[in-house]
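Enquirer: Just so it is clear, I am handing over data38.txt, which has compact mmCIF, C-alpha atoms and all ligand atoms.
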```
# COMPACT_ATOMS: atom_id res chain seq x y z
CA MET A 1 18.40 63.85 150.36
CA ARG A 2 14.71 64.42 151.17
CA THR A 3 12.74 64.31 154.40
CA GLN A 4 9.48 65.68 155.82
CA VAL A 5 10.98 67.99 158.45
CA ALA A 6 14.53 69.37 158.34
CA ILE A 7 15.54 70.23 161.92
CA ILE A 8 18.45 72.63 162.37
CA GLY A 9 20.17 72.17 165.74
CA ALA A 10 20.54 69.30 168.23
CA GLY A 11 19.86 71.23 171.43
CA PRO A 12 16.84 70.41 173.60
CA ALA A 13 14.44 72.00 171.08
CA GLY A 14 15.63 70.12 167.98
CA LEU A 15 16.15 66.77 169.71
CA LEU A 16 12.79 66.76 171.47
CA LEU A 17 10.96 67.87 168.33
CA ALA A 18 12.55 65.01 166.38
CA HIS A 19 11.51 62.57 169.10
CA LEU A 20 7.90 63.78 169.20
CA LEU A 21 7.67 63.67 165.39
CA GLN A 22 9.08 60.17 165.25
CA ARG A 23 6.43 58.98 167.72
CA ALA A 24 3.81 60.52 165.41
CA GLY A 25 5.27 58.71 162.40
CA ILE A 26 6.79 61.82 160.82
CA GLU A 27 10.30 61.69 159.35
CA SER A 28 12.96 64.23 160.15
CA VAL A 29 16.67 64.82 159.74
CA ILE A 30 18.58 66.73 162.44
CA LEU A 31 21.57 68.78 161.27
CA GLU A 32 23.93 69.87 164.06
CA ALA A 33 26.97 72.07 163.48
CA ARG A 34 29.02 70.77 166.43
CA ASP A 35 30.18 67.26 167.31
CA ARG A 36 28.38 64.94 169.71
CA ALA A 37 30.90 65.27 172.54
CA TYR A 38 30.63 69.06 172.46
CA VAL A 39 26.83 69.07 172.57
CA GLU A 40 26.75 66.49 175.37
CA ALA A 41 29.25 68.36 177.53
CA ARG A 42 27.78 71.85 177.16
CA ILE A 43 26.89 72.92 180.72
CA ARG A 44 23.65 74.88 180.93
CA ALA A 45 20.91 75.37 183.53
CA GLY A 46 19.17 72.44 185.10
CA VAL A 47 15.64 73.04 186.37
CA LEU A 48 12.67 71.32 184.71
CA GLU A 49 9.11 72.45 185.27
CA GLN A 50 6.56 69.87 186.37
CA GLN A 51 4.99 69.59 182.93
CA SER A 52 8.37 69.36 181.16
CA VAL A 53 9.12 66.34 183.37
CA ASP A 54 5.65 64.90 182.73
CA LEU A 55 6.10 65.28 178.97
CA LEU A 56 9.58 63.70 178.90
CA ARG A 57 8.24 60.81 180.96
CA ASP A 58 5.15 60.39 178.75
CA VAL A 59 7.27 60.09 175.61
CA GLY A 60 9.71 57.56 177.01
CA LEU A 61 12.57 59.91 177.92
CA GLY A 62 12.09 59.76 181.69
CA ALA A 63 14.00 56.67 182.86
CA ARG A 64 17.29 58.30 183.95
CA LEU A 65 15.51 61.54 184.80
CA ASP A 66 13.37 59.60 187.28
CA ARG A 67 16.43 57.89 188.75
CA GLU A 68 18.81 60.82 188.94
CA GLY A 69 16.65 63.95 188.84
CA LEU A 70 16.13 65.70 192.18
CA ARG A 71 12.51 66.66 192.86
CA HIS A 72 12.22 69.99 194.68
CA GLU A 73 8.95 70.97 196.33
CA GLY A 74 10.24 74.30 197.59
CA VAL A 75 12.74 77.04 196.86
CA GLU A 76 14.27 79.66 199.14
CA LEU A 77 14.69 83.41 198.84
CA ALA A 78 17.40 84.92 201.06
CA PHE A 79 17.95 88.57 201.98
CA ASN A 80 18.88 90.59 205.08
CA GLY A 81 20.57 87.59 206.69
CA ALA A 82 17.58 85.21 206.62
CA ARG A 83 16.21 82.45 204.38
CA HIS A 84 12.51 82.20 203.53
CA ARG A 85 11.00 79.09 201.97
CA ILE A 86 8.44 79.27 199.17
CA ASP A 87 6.36 76.10 199.43
CA LEU A 88 6.03 75.36 195.71
CA ALA A 89 4.04 72.15 196.14
CA GLY A 90 1.80 73.50 198.90
CA LEU A 91 0.95 76.63 196.89
CA THR A 92 0.34 74.87 193.54
CA GLY A 93 -1.64 71.78 194.47
CA GLY A 94 1.37 69.46 194.59
CA LYS A 95 3.51 70.59 191.66
CA ALA A 96 7.30 70.69 191.90
CA VAL A 97 10.41 71.23 189.79
CA THR A 98 13.14 68.70 189.05
CA VAL A 99 16.83 69.54 189.08
CA TYR A 100 18.45 67.67 186.17
CA GLY A 101 21.27 69.14 184.09
CA GLN A 102 20.19 70.21 180.62
CA HIS A 103 23.12 68.32 179.11
CA GLU A 104 21.92 65.14 180.84
CA ALA A 105 18.52 65.58 179.18
CA VAL A 106 20.34 66.20 175.88
CA LYS A 107 22.39 63.00 176.33
CA ASP A 108 19.18 61.01 176.92
CA MET A 109 17.58 62.43 173.77
CA ILE A 110 20.67 61.81 171.62
CA ALA A 111 20.86 58.22 172.90
CA ALA A 112 17.19 57.67 172.02
CA ARG A 113 17.68 59.10 168.54
CA VAL A 114 20.82 57.08 167.84
CA THR A 115 19.13 53.88 169.08
CA SER A 116 16.18 54.51 166.78
CA GLY A 117 18.50 54.76 163.79
CA ALA A 118 16.81 57.95 162.56
CA PRO A 119 19.16 60.53 161.03
CA LEU A 120 21.06 62.86 163.35
CA LEU A 121 24.08 64.41 161.60
CA PHE A 122 26.82 66.00 163.69
CA ASP A 123 29.48 68.30 162.19
CA ALA A 124 26.78 69.31 159.71
CA LYS A 125 26.60 73.09 159.60
CA VAL A 126 23.64 74.68 157.85
CA LEU A 127 24.82 77.46 155.55
CA ALA A 128 21.57 78.60 153.95
CA ILE A 129 17.87 77.93 153.74
CA ASP A 130 15.86 78.50 150.59
CA GLY A 131 12.33 78.38 149.25
CA LEU A 132 10.55 79.27 152.48
CA GLU A 133 7.60 80.70 150.59
CA THR A 134 7.25 77.52 148.50
CA THR A 135 5.92 74.09 149.52
CA SER A 136 9.34 72.47 149.01
CA PRO A 137 12.00 74.45 150.86
CA SER A 138 15.58 73.24 151.18
CA VAL A 139 18.54 73.47 153.49
CA THR A 140 22.17 73.70 152.35
CA TYR A 141 24.75 72.32 154.77
CA SER A 142 28.41 71.42 154.84
CA LYS A 143 29.74 68.10 156.06
CA ASP A 144 33.15 66.50 155.57
CA GLY A 145 34.26 69.41 153.44
CA GLN A 146 31.38 69.01 151.01
CA THR A 147 28.17 70.94 150.47
CA HIS A 148 24.89 69.02 150.54
CA GLN A 149 21.21 69.84 150.07
CA LEU A 150 18.32 68.54 152.12
CA HIS A 151 14.85 68.94 150.58
CA CYS A 152 11.83 68.91 152.87
CA ALA A 153 8.27 70.12 153.42
CA VAL A 154 9.00 72.07 156.61
CA ILE A 155 12.10 73.51 158.29
CA ALA A 156 12.36 73.76 162.08
CA GLY A 157 14.86 76.42 163.16
CA CYS A 158 16.02 74.99 166.51
CA ASP A 159 19.51 76.42 166.13
CA GLY A 160 19.73 78.65 169.18
CA PHE A 161 20.28 82.36 169.57
CA HIS A 162 23.23 82.57 167.15
CA GLY A 163 21.77 80.24 164.53
CA VAL A 164 21.21 80.68 160.82
CA ALA A 165 17.40 80.27 160.74
CA ARG A 166 16.33 83.58 162.30
CA ALA A 167 19.21 85.34 160.58
CA SER A 168 17.90 84.31 157.16
CA ILE A 169 14.63 86.23 157.60
CA ALA A 170 14.47 89.64 155.91
CA PRO A 171 14.66 92.29 158.66
CA GLU A 172 11.40 93.93 157.60
CA LYS A 173 9.51 90.68 158.21
CA ILE A 174 10.60 90.19 161.80
CA THR A 175 10.25 92.29 164.95
CA LEU A 176 12.83 91.89 167.70
CA PHE A 177 12.22 92.81 171.34
CA GLU A 178 15.28 92.94 173.55
CA ARG A 179 16.59 93.92 176.96
CA VAL A 180 20.24 93.39 177.81
CA TYR A 181 21.07 93.47 181.52
CA PRO A 182 24.11 95.38 182.80
CA PHE A 183 25.65 92.29 184.44
CA ALA A 184 26.38 88.59 183.84
CA TRP A 185 26.53 85.37 185.89
CA LEU A 186 29.69 83.52 186.82
CA GLY A 187 28.61 79.87 187.16
CA ILE A 188 30.65 77.10 188.77
CA LEU A 189 30.38 73.37 189.40
CA ALA A 190 32.10 72.16 192.58
CA GLU A 191 32.77 68.69 193.92
CA ALA A 192 30.99 69.33 197.19
CA ALA A 193 27.86 67.80 198.67
CA PRO A 194 24.96 70.30 198.44
CA ALA A 195 24.66 71.86 201.90
CA SER A 196 20.95 72.65 201.45
CA HIS A 197 18.21 70.43 200.04
CA GLU A 198 16.68 73.29 198.08
CA LEU A 199 17.84 76.09 195.79
CA ILE A 200 18.62 79.43 197.44
CA TYR A 201 18.22 82.70 195.51
CA ALA A 202 20.13 85.32 197.53
CA ARG A 203 19.96 89.10 197.25
CA HIS A 204 22.95 90.91 198.74
CA ASP A 205 24.44 94.41 198.45
CA ARG A 206 27.55 92.83 196.84
CA GLY A 207 25.31 91.27 194.19
CA PHE A 208 23.06 88.27 193.58
CA ALA A 209 24.14 84.70 194.40
CA LEU A 210 22.38 81.40 193.64
CA PHE A 211 22.93 78.05 195.29
CA SER A 212 21.90 75.03 193.23
CA MET A 213 23.08 71.46 192.68
CA ARG A 214 23.42 68.70 190.15
CA SER A 215 23.66 65.53 192.25
CA PRO A 216 24.24 64.44 195.86
CA THR A 217 27.96 65.18 195.34
CA ILE A 218 27.98 68.22 193.01
CA THR A 219 27.08 71.78 193.98
CA ARG A 220 26.21 74.40 191.34
CA LEU A 221 26.69 78.08 192.25
CA TYR A 222 26.24 81.38 190.45
CA LEU A 223 27.44 84.91 191.22
CA GLN A 224 26.31 88.15 189.61
CA CYS A 225 29.44 89.62 187.99
CA PRO A 226 30.37 92.49 185.63
CA ILE A 227 29.02 92.11 182.11
CA ASP A 228 32.53 91.95 180.58
CA ASP A 229 33.95 89.60 183.22
CA GLN A 230 35.96 86.51 182.33
CA ALA A 231 35.91 83.26 184.29
CA GLU A 232 39.73 83.05 184.19
CA ARG A 233 39.93 86.30 186.14
CA TRP A 234 38.45 84.52 189.17
CA SER A 235 40.73 82.33 191.28
CA ASP A 236 38.99 79.52 193.14
CA GLN A 237 39.68 81.27 196.44
CA ALA A 238 38.18 84.53 195.17
CA ILE A 239 35.04 82.65 194.10
CA TRP A 240 34.58 80.99 197.48
CA ASP A 241 35.26 84.26 199.35
CA GLU A 242 32.63 86.04 197.28
CA ILE A 243 30.09 83.23 197.64
CA ASP A 244 30.60 83.15 201.39
CA ALA A 245 30.31 86.94 201.68
CA ARG A 246 27.07 87.10 199.67
CA MET A 247 25.40 83.92 200.90
CA GLY A 248 26.54 84.53 204.48
CA GLY A 249 25.25 88.09 204.43
CA ALA A 250 22.00 87.29 202.64
CA ALA A 251 21.18 83.88 204.07
CA GLY A 252 23.19 83.58 207.30
CA TRP A 253 24.50 80.33 205.76
CA THR A 254 27.30 79.25 203.44
CA PRO A 255 27.63 76.24 201.12
CA LYS A 256 30.26 73.52 201.47
CA HIS A 257 33.45 74.15 199.50
CA GLY A 258 35.19 71.66 197.20
CA PRO A 259 37.31 71.51 194.05
CA ILE A 260 35.86 73.73 191.29
CA ILE A 261 35.56 71.58 188.15
CA GLN A 262 33.97 74.06 185.73
CA LYS A 263 33.51 77.82 185.57
CA SER A 264 32.00 80.08 182.91
CA VAL A 265 30.39 83.49 182.45
CA THR A 266 26.88 83.79 180.97
CA PRO A 267 25.47 87.09 179.72
CA MET A 268 21.91 88.01 180.69
CA ARG A 269 19.37 88.88 178.05
CA SER A 270 15.63 89.01 177.47
CA PHE A 271 14.80 88.59 173.79
CA VAL A 272 11.76 87.72 171.66
CA ALA A 273 11.48 87.47 167.87
CA GLU A 274 8.02 87.83 166.35
CA PRO A 275 6.52 86.06 164.55
CA MET A 276 7.95 82.55 164.94
CA ARG A 277 6.79 81.38 161.51
CA PHE A 278 7.91 82.47 158.02
CA GLY A 279 6.24 80.41 155.32
CA ARG A 280 7.56 76.89 155.84
CA LEU A 281 10.15 77.89 158.47
CA PHE A 282 9.22 77.58 162.17
CA LEU A 283 11.51 78.90 164.93
CA ALA A 284 11.58 77.15 168.31
CA GLY A 285 13.58 77.53 171.54
CA ASP A 286 16.49 79.96 171.82
CA ALA A 287 16.29 80.71 168.08
CA ALA A 288 13.11 82.66 168.88
CA HIS A 289 13.57 83.81 172.47
CA ILE A 290 16.04 84.14 175.32
CA VAL A 291 15.28 84.63 179.00
CA PRO A 292 17.71 85.61 181.75
CA PRO A 293 18.43 82.44 183.77
CA THR A 294 17.01 83.75 187.06
CA GLY A 295 13.67 82.01 186.52
CA ALA A 296 15.31 78.82 185.14
CA LYS A 297 12.99 78.88 182.13
CA GLY A 298 15.21 78.50 179.02
CA MET A 299 14.87 74.77 178.44
CA ASN A 300 11.24 74.72 179.57
CA LEU A 301 10.33 77.28 176.94
CA ALA A 302 12.00 75.12 174.29
CA VAL A 303 9.96 72.12 175.47
CA ALA A 304 6.71 74.12 175.34
CA ASP A 305 7.42 75.36 171.78
CA VAL A 306 8.22 71.99 170.27
CA ARG A 307 5.25 70.35 171.95
CA ILE A 308 2.97 72.77 170.12
CA LEU A 309 4.93 72.49 166.88
CA ALA A 310 4.84 68.68 166.93
CA GLN A 311 1.06 68.68 167.41
CA ALA A 312 0.61 71.15 164.56
CA LEU A 313 2.88 69.14 162.25
CA GLU A 314 0.99 65.96 163.06
CA ALA A 315 -2.29 67.57 161.92
CA PHE A 316 -0.53 68.93 158.85
CA PHE A 317 1.15 65.73 157.66
CA HIS A 318 -1.58 63.28 158.63
CA HIS A 319 -4.73 65.33 157.92
CA GLN A 320 -3.53 68.17 155.65
CA ASP A 321 -4.85 70.48 158.38
CA GLU A 322 -2.78 73.70 158.49
CA ARG A 323 -4.70 75.44 161.26
CA GLY A 324 -2.22 74.44 163.97
CA LEU A 325 0.69 75.71 161.90
CA ASP A 326 -1.17 78.98 161.29
CA ARG A 327 -1.73 79.38 165.03
CA TYR A 328 1.76 78.20 166.08
CA SER A 329 3.38 81.59 166.52
CA ALA A 330 0.50 83.25 168.39
CA THR A 331 -0.05 80.21 170.63
CA CYS A 332 3.62 80.09 171.66
CA LEU A 333 4.02 83.84 172.07
CA ASP A 334 1.06 84.11 174.41
CA ARG A 335 2.85 81.97 177.00
CA ILE A 336 6.39 83.13 176.10
CA TRP A 337 5.59 86.72 177.05
CA LYS A 338 4.28 85.63 180.44
CA VAL A 339 7.46 83.66 181.01
CA GLN A 340 9.48 86.67 179.84
CA ARG A 341 7.70 88.80 182.42
CA PHE A 342 8.43 86.31 185.19
CA SER A 343 12.12 85.94 184.25
CA TRP A 344 12.57 89.72 184.08
CA TRP A 345 10.76 90.16 187.42
CA MET A 346 12.88 87.57 189.23
CA THR A 347 16.01 89.19 187.76
CA ALA A 348 14.96 92.71 188.77
CA MET A 349 13.98 91.62 192.28
CA LEU A 350 17.24 89.85 193.08
CA HIS A 351 20.12 91.69 191.37
CA ARG A 352 22.08 94.84 192.17
CA PHE A 353 21.81 97.42 189.41
CA ASP A 354 24.69 99.92 189.17
CA ASP A 355 22.33 102.82 188.66
CA GLU A 356 19.93 101.89 191.46
CA THR A 357 18.89 104.67 193.81
CA ALA A 358 18.28 104.46 197.57
CA PHE A 359 14.58 104.36 196.67
CA ASP A 360 15.11 101.36 194.34
CA HIS A 361 17.06 99.59 197.08
CA ARG A 362 14.30 99.99 199.70
CA ARG A 363 11.62 99.05 197.17
CA GLN A 364 13.52 95.87 196.22
CA LEU A 365 13.77 94.76 199.85
CA ALA A 366 10.07 95.58 200.38
CA GLU A 367 9.19 93.46 197.36
CA LEU A 368 11.14 90.46 198.64
CA ASP A 369 9.57 90.82 202.08
CA TYR A 370 6.12 91.03 200.49
CA VAL A 371 6.71 87.92 198.37
CA VAL A 372 7.76 85.80 201.34
CA ARG A 373 5.04 87.08 203.69
CA SER A 374 1.99 87.34 201.44
CA LYS A 375 0.42 84.04 200.45
CA ALA A 376 -0.99 85.69 197.32
CA ALA A 377 2.44 86.96 196.24
CA ALA A 378 4.20 83.70 197.09
CA THR A 379 1.55 81.78 195.12
CA SER A 380 2.21 83.95 192.08
CA LEU A 381 5.92 83.17 192.27
CA ALA A 382 5.23 79.46 192.84
CA GLU A 383 2.79 78.98 189.95
CA ASN A 384 5.24 80.63 187.55
CA TYR A 385 8.24 78.75 188.93
CA VAL A 386 6.67 75.29 188.59
CA GLY A 387 5.44 76.39 185.15
CA LEU A 388 2.37 78.12 183.75
CA PRO A 389 0.02 75.68 181.99
CA PHE A 390 0.96 74.75 178.43
CA THR A 391 -1.11 76.61 175.86
CA THR A 392 -2.75 74.71 173.00
N1 LIG A 401 23.76 74.55 161.62
C1 LIG A 401 23.52 73.49 162.44
N2 LIG A 401 23.40 73.60 163.77
C2 LIG A 401 23.48 74.83 164.31
C3 LIG A 401 23.70 75.98 163.53
C4 LIG A 401 23.85 75.81 162.12
N3 LIG A 401 24.09 76.83 161.30
N4 LIG A 401 23.74 77.06 164.35
C5 LIG A 401 23.56 76.60 165.60
N5 LIG A 401 23.40 75.25 165.59
C6 LIG A 401 23.21 74.36 166.74
C7 LIG A 401 24.09 74.67 167.93
O1 LIG A 401 25.38 74.10 167.80
C8 LIG A 401 23.30 74.06 169.08
O2 LIG A 401 23.70 72.73 169.36
O3 LIG A 401 21.90 74.52 167.23
C9 LIG A 401 21.87 74.07 168.58
C10 LIG A 401 20.96 74.98 169.40
O4 LIG A 401 20.83 74.44 170.68
P1 LIG A 401 20.60 75.35 171.99
O5 LIG A 401 21.48 76.55 171.94
O6 LIG A 401 20.74 74.43 173.16
O7 LIG A 401 19.11 75.88 171.83
P2 LIG A 401 17.69 75.20 172.13
O8 LIG A 401 17.66 73.78 171.64
O9 LIG A 401 16.69 76.17 171.68
O10 LIG A 401 17.64 75.05 173.70
C11 LIG A 401 17.34 76.12 174.53
O11 LIG A 401 19.45 76.06 175.62
O12 LIG A 401 20.70 78.04 175.77
C12 LIG A 401 19.93 77.14 176.44
O13 LIG A 401 18.92 78.40 178.14
C13 LIG A 401 18.71 77.83 176.91
O14 LIG A 401 17.92 76.05 178.13
C14 LIG A 401 17.74 76.74 176.92
C15 LIG A 401 18.06 75.87 175.81
C1 LIG A 402 21.00 75.68 187.72
O1 LIG A 402 20.99 74.78 188.59
O2 LIG A 402 21.80 75.66 186.79
C2 LIG A 402 20.05 76.79 187.83
C3 LIG A 402 19.08 76.77 188.81
C4 LIG A 402 18.17 77.81 188.92
C5 LIG A 402 18.25 78.87 188.05
C6 LIG A 402 19.21 78.90 187.05
C7 LIG A 402 20.11 77.86 186.94
O3 LIG A 402 17.38 79.89 188.18
```
Would you mind giving the structure from this file in structure tokens?
Expert:
Amino acid sequence: MRTQVAIIGAGPAGLLLAHLLQRAGIESVILEARDRAYVEARIRAGVLEQQSVDLLRDVGLGARLDREGLRHEGVELAFNGARHRIDLAGLTGGKAVTVYGQHEAVKDMIAARVTSGAPLLFDAKVLAIDGLETTSPSVTYSKDGQTHQLHCAVIAGCDGFHGVARASIAPEKITLFERVYPFAWLGILAEAAPASHELIYARHDRGFALFSMRSPTITRLYLQCPIDDQAERWSDQAIWDEIDARMGGAAGWTPKHGPIIQKSVTPMRSFVAEPMRFGRLFLAGDAAHIVPPTGAKGMNLAVADVRILAQALEAFFHHQDERGLDRYSATCLDRIWKVQRFSWWMTAMLHRFDDETAFDHRRQLAELDYVVRSKAAATSLAENYVGLPFTT
């Protein structure tokens, strides 16, 4: 089999890249290790920046997002028993974020791909990639118990943090930057109407808590928990008690309770791989970088990467112009590091660290108070939260 672009991974990065390429008249094949049901049910974060929404809309992926996505023009920070609203729209000239589950966006993109008839292979696990330094690389994958080869001009490694693309680069050619946080998040979905219209990020001495939502009937909540915690260790009652203690203490408010329909533990990591290009292999999304979820940036970073990659591939295939591909890594990394900084900063400002001193504690509270009282500081949070401008 032969194609122009072999895309490894049908997460947001791979699916959106395929869609953008198809609109530009460039062929691709998506190879995804898991089955469709698994990919469509995988619960992840759910906040889209303004320009991620604008892009999805512009390329014909916005119909259900416009119907079901919840536009949020503000977000709240809670500490010391009080909630403080950051006026995202007022501080950024009218920009907002949209709450829409990542797996819903993934379902929309899979549906568009399947309708188009362009190749998207599930249960197709990539085993190896070869010929990166040549003009005709190839991908070896297994499907239905057989091994196949896909020949192409370019490989897009959109296969997430644990994928094969980054792992196939010789260690001396890649530099990894990493910070692992000494805690995780326990995330739950509950059948309960959201008791606040906006997200609430709460700092409490028992640990961080986050109130979010998915729909008018589903509440999404997160609790800072030990790094080695397991969701099964938490009874539903223990979860609600902890949420009420933290939210009540930090915000003077508690969410509505309801049946818990999903719970999982997510580790927290900041990670960047440089560069993002190796010959004819281009990394995008979680394959190249991870942010802790506090800034809600994971999917937005994937969108920003593939937007740049699609533009560069268009110039390459249609005009034999390689300058965009040559610039791809540096262009992405410029913005990625700013988003890394923001995600780290939000995480540091809102979590309890086991080794924190009394000085750290006072400084953290002073920082929160400064952010909610200074228009300059609140504007900085707001412009990052709604999304820094795309780089080109
Ligand atoms: N062969 C084929 N597919 C693979 C392989 C492989 N060897 N290894 C991994 N994959 C697939 C995974 O099964 C997954 O569906 O690649 C896909 C990667 O998707 P994501 O992990 O969703 O990564 P990405 O598309 O970059 O999206 C980033 O996901 O983790 C969240 O917070 C993150 O929101 C961000 C988003
Ligand atoms: C979510 O709704 O899943 C969510 C919201 C905000 C975050 C992270 C996750 O910062």
Enquirer: Can you pull out the residues contacting Arg214 of chain A? Cut-off 12 Å, using only C-alpha atoms, and skip same-chain residues under 5 positions away; I want them as a ChimeraX atom specification.
Expert: /A:43-47,65,68-71,98-104,188-194,197-199,219-221
Enquirer: Kindly indicate which residue among A:Val126, A:Ala118, A:Met1, A:Met349 lies nearest to Gly295 of chain A, using all atoms listed in the file for the distances.
Expert: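 Among the listed residues, the smallest separation from Gly295 of chain A belongs to A:Met349.
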Enquirer: My list of candidates is A:Glu314, A:Asp35, A:Asp144, A:Asp241. Which is closest to ligand LIG 401 (chain A) when distances are computed with only C-alpha atoms and all ligand atoms?
Expert: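 Answer, going by the shortest atom-to-atom distance: A:Asp35.
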Enquirer: What do you get as a PyMOL selection string if you pick all residues at most 8 Å from ligand LIG 401 (chain A), counting all atoms listed in the file?
Expert: chain A and resi 8-15+31-34+39+44-46+102+123-128+141+158-165+284-288+290-291+293+296-302
Enquirer: Is it possible to get the axis-aligned box enclosing ligand LIG 402 (chain A) (all listed atoms, 3 Å extra per side) as JSON, with centre and edge lengths in Å rounded to one decimal?
Expert:
```
{"center_x": 19.6, "center_y": 77.3, "center_z": 187.9, "size_x": 10.4, "size_y": 11.1, "size_z": 8.1}
```
